[in-house]
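A.B. asks: Let me give you the structure first, and then I'll get to my questions.
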Amino acid sequence: MKRRQASRRAYQAVEIPPELESVVERALRQGRTCRRWRVRPLWSAAAMLLLGFIALLNVSRAFAELVGEVPLLGPLARLCTIREYSRSNGDDEVNVRIPALAGTGNPVLEERINAEILQRMNDQVAAAERRAREAREARIATGGDPNEVIPVFIDIDYELKYTSAERISFVVTKTETLANAYSEQYFYNLALPDGRDLQLSDLLGPDFKRIVDTEVERQIAERGKDPDVVFFEGENGFRGIDDRQKFFIDADGQVVVVFAKYEIAPGSMGIQTFKIPAPLSGNSSGR
């Protein structure tokens with residue numbers, strides 16, 4: 001009993017960061033809820049567990065979400081679900097889970113990223129629903145049975161890839177499925193102190209294009225030894241990255257470049273990822 005009472009007093013004594021109030025107020029004004037994700041640890045001994053928590057947070061989204069609900073263990077998780085809903089109207093079935101940054105200590109960054117994600121995903125859902133209606137109307141107009149029209153499935157979800165005191169990397173994915181599934185991925189790689197979008201040059205240095213191109217070509221050649229693995233060749237094959245190359249930071253703190261379905265390989269090969277075995281720059285500002 002005494003231990004339980006002590007734990008309760010410790011919980012009640014948790015210091016709430018001042019930036020949390022503005023995050024909650026913004027969410028309430030918009031009619032949404034946002035779980036608390038970041039609080040300060042009570043004891044300096046918690047720092048002893050920091051590296052283990054970082055590894056688990058970066059490996060498991062489920063663990064990150066669980067940690068985010070425990071006041072003493074949530075100093076690194078900076079994503080929360082700001083909007084979540086499911087609906088079906090016959091033309092489509094929609095499942096949406098939209099993230100937001102919270103507790104970064106950088107309200108300007110949070111406002112920019114959260115507004116961008118919310119607007120972009122709302123636009124994506126609206127466009128997908130419009131395509132679903134048009135497909136249904138076209139099917140009926142050509143003599144199709146309205147009761148046999150297959151609905152379009154629209155899913156939006158997110159995944160935390162990496163988090164530290166300096167950086168966060170996550171992806172928001174929209175998948176639209178009718179006869180085939182088509183996904184669009186939006187990668188967010190952010191320097192938390194100054195709120196910048198991280199570039200490959202920040203993480204791999206000024207010679208990033210050569211580093212990435214060499215490694216991608218090597219891995220394509222290695223994977224191509226498997227007769228079931230196919231990549232495009234020639235004009236349609238991999239011809240090097242550009243400044244807009246999509247990437248994320250993985251749980252090991254390494255850069256992973258991403259190529260969409262059909263970009264460098266047939267659709268049956270799916271999304272292609274290539275881990276670049278090079279250390280991240282120690283300076284999150286890239287300077």
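Quick note on naming: the chains in the structure tokens go A, B, ... in the order shown, residues restart at 1 in each chain, and ligands are numbered from 1 in order of appearance.
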Give me, as an mmCIF file with N, CA and C atoms, in the first residue's frame, all polymer residues having an atom no more than 9 Å from range 214-216 of chain A, counting only C-alpha atoms and skipping those fewer than 3 positions away in the same chain.

C.D. replies:
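The resulting selection15.cif:
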```
data_model
loop_
_atom_site.group_PDB
_atom_site.id
_atom_site.type_symbol
_atom_site.label_atom_id
_atom_site.label_comp_id
_atom_site.auth_asym_id
_atom_site.auth_seq_id
_atom_site.Cartn_x
_atom_site.Cartn_y
_atom_site.Cartn_z
ATOM 1 N N LYS A 209 25.556 12.250 -53.134
ATOM 2 C CA LYS A 209 25.060 11.607 -54.353
ATOM 3 C C LYS A 209 25.944 10.435 -54.764
ATOM 4 N N ARG A 210 27.248 10.620 -54.729
ATOM 5 C CA ARG A 210 28.152 9.524 -55.086
ATOM 6 C C ARG A 210 28.003 8.371 -54.104
ATOM 7 N N ILE A 211 27.907 8.695 -52.807
ATOM 8 C CA ILE A 211 27.784 7.655 -51.781
ATOM 9 C C ILE A 211 26.525 6.822 -52.017
ATOM 10 N N GLN A 219 23.834 -2.724 -54.446
ATOM 11 C CA GLN A 219 22.762 -3.563 -53.913
ATOM 12 C C GLN A 219 21.842 -4.089 -55.021
ATOM 13 N N ILE A 220 21.617 -3.284 -56.045
ATOM 14 C CA ILE A 220 20.818 -3.769 -57.182
ATOM 15 C C ILE A 220 21.511 -4.958 -57.841
ATOM 16 N N ALA A 221 22.831 -4.850 -58.032
ATOM 17 C CA ALA A 221 23.584 -5.949 -58.635
ATOM 18 C C ALA A 221 23.531 -7.191 -57.752
ATOM 19 N N PHE A 238 17.713 2.435 -62.734
ATOM 20 C CA PHE A 238 18.282 3.410 -61.810
ATOM 21 C C PHE A 238 19.389 4.198 -62.495
ATOM 22 N N GLY A 240 20.691 7.162 -60.891
ATOM 23 C CA GLY A 240 21.224 8.089 -59.905
ATOM 24 C C GLY A 240 20.120 8.887 -59.232
ATOM 25 N N VAL A 257 17.209 5.094 -48.457
ATOM 26 C CA VAL A 257 16.584 5.761 -49.588
ATOM 27 C C VAL A 257 15.452 4.883 -50.112
ATOM 28 N N PHE A 274 16.847 1.006 -49.846
ATOM 29 C CA PHE A 274 18.273 0.701 -49.820
ATOM 30 C C PHE A 274 18.900 1.415 -48.626
ATOM 31 N N LYS A 275 19.418 0.629 -47.705
ATOM 32 C CA LYS A 275 20.092 1.192 -46.533
ATOM 33 C C LYS A 275 21.500 1.605 -46.918
ATOM 34 N N ILE A 276 21.861 2.818 -46.551
ATOM 35 C CA ILE A 276 23.177 3.364 -46.892
ATOM 36 C C ILE A 276 24.071 3.262 -45.656
ATOM 37 N N PRO A 277 25.045 2.358 -45.644
ATOM 38 C CA PRO A 277 25.854 2.130 -44.447
ATOM 39 C C PRO A 277 26.909 3.203 -44.251
#
```

A.B. asks: Give me, as a VMD selection string, all polymer residues having an atom no more than 12 Å from Arg87 in chain A, counting only C-alpha atoms and skipping those fewer than 4 positions away in the same chain.

C.D. replies: chain A and resid 91 to 96 125 129 152 to 155

A.B. asks: Produce a file of the selected residues containing N, CA, C and O atoms, as a compact mmCIF listing (two decimals), in the first residue's frame.

C.D. replies:
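Final output, result37.txt:
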```txt
# COMPACT_ATOMS: atom_id res chain seq x y z
N ASP A 91 -19.44 3.91 -51.89
CA ASP A 91 -18.45 4.18 -52.93
C ASP A 91 -17.04 3.85 -52.44
O ASP A 91 -16.19 3.43 -53.22
N ASP A 92 -16.80 4.08 -51.15
CA ASP A 92 -15.47 3.89 -50.61
C ASP A 92 -15.55 3.53 -49.13
O ASP A 92 -16.55 3.76 -48.46
N GLU A 93 -14.45 2.96 -48.66
CA GLU A 93 -14.25 2.70 -47.24
C GLU A 93 -12.96 3.39 -46.82
O GLU A 93 -11.91 3.14 -47.40
N VAL A 94 -13.07 4.26 -45.82
CA VAL A 94 -11.96 5.12 -45.44
C VAL A 94 -11.52 4.80 -44.01
O VAL A 94 -12.36 4.74 -43.10
N ASN A 95 -10.22 4.61 -43.84
CA ASN A 95 -9.62 4.45 -42.51
C ASN A 95 -8.44 5.41 -42.42
O ASN A 95 -7.49 5.32 -43.21
N VAL A 96 -8.51 6.33 -41.47
CA VAL A 96 -7.54 7.41 -41.40
C VAL A 96 -6.95 7.50 -39.99
O VAL A 96 -7.69 7.45 -39.00
N VAL A 125 -7.71 12.41 -49.10
CA VAL A 125 -8.96 11.68 -48.88
C VAL A 125 -10.06 12.22 -49.80
O VAL A 125 -10.80 11.46 -50.43
N GLU A 129 -11.93 10.04 -52.65
CA GLU A 129 -13.38 9.86 -52.62
C GLU A 129 -14.02 10.33 -53.92
O GLU A 129 -14.98 9.72 -54.41
N VAL A 152 -13.85 1.53 -53.24
CA VAL A 152 -12.43 1.85 -53.15
C VAL A 152 -12.04 1.92 -51.68
O VAL A 152 -12.75 2.53 -50.88
N PHE A 153 -10.94 1.28 -51.34
CA PHE A 153 -10.45 1.31 -49.96
C PHE A 153 -9.35 2.35 -49.84
O PHE A 153 -8.38 2.34 -50.60
N ILE A 154 -9.52 3.26 -48.89
CA ILE A 154 -8.57 4.35 -48.69
C ILE A 154 -8.05 4.27 -47.26
O ILE A 154 -8.82 4.32 -46.30
N ASP A 155 -6.74 4.12 -47.13
CA ASP A 155 -6.11 4.01 -45.81
C ASP A 155 -5.01 5.05 -45.68
O ASP A 155 -4.17 5.20 -46.59
```

A.B. asks: Out of A:Glu159, A:Gly270, A:Ala115, A:Ala128, which residue has the shortest atom-to-atom distance to Ile249 in chain A when counting only C-alpha atoms?

C.D. replies: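 Ranking A:Glu159, A:Gly270, A:Ala115, A:Ala128 by distance to Ile249 in chain A, first place goes to A:Glu159.
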
A.B. asks: Which residues come within 9 Å of Tyr158 in chain A, counting only C-alpha atoms, excluding same-chain residues fewer than 4 positions away, as a PyMOL selection string?

C.D. replies: chain A and resi 97-99+170-174

A.B. asks: Using DSSP on the backbone coordinates, identify all residues within range 130-257 of chain A classified as strand (DSSP E); present the result as a ChimeraX atom specification.

C.D. replies: /A:152-163,167-177,181-191,196-197,246-249,255-257
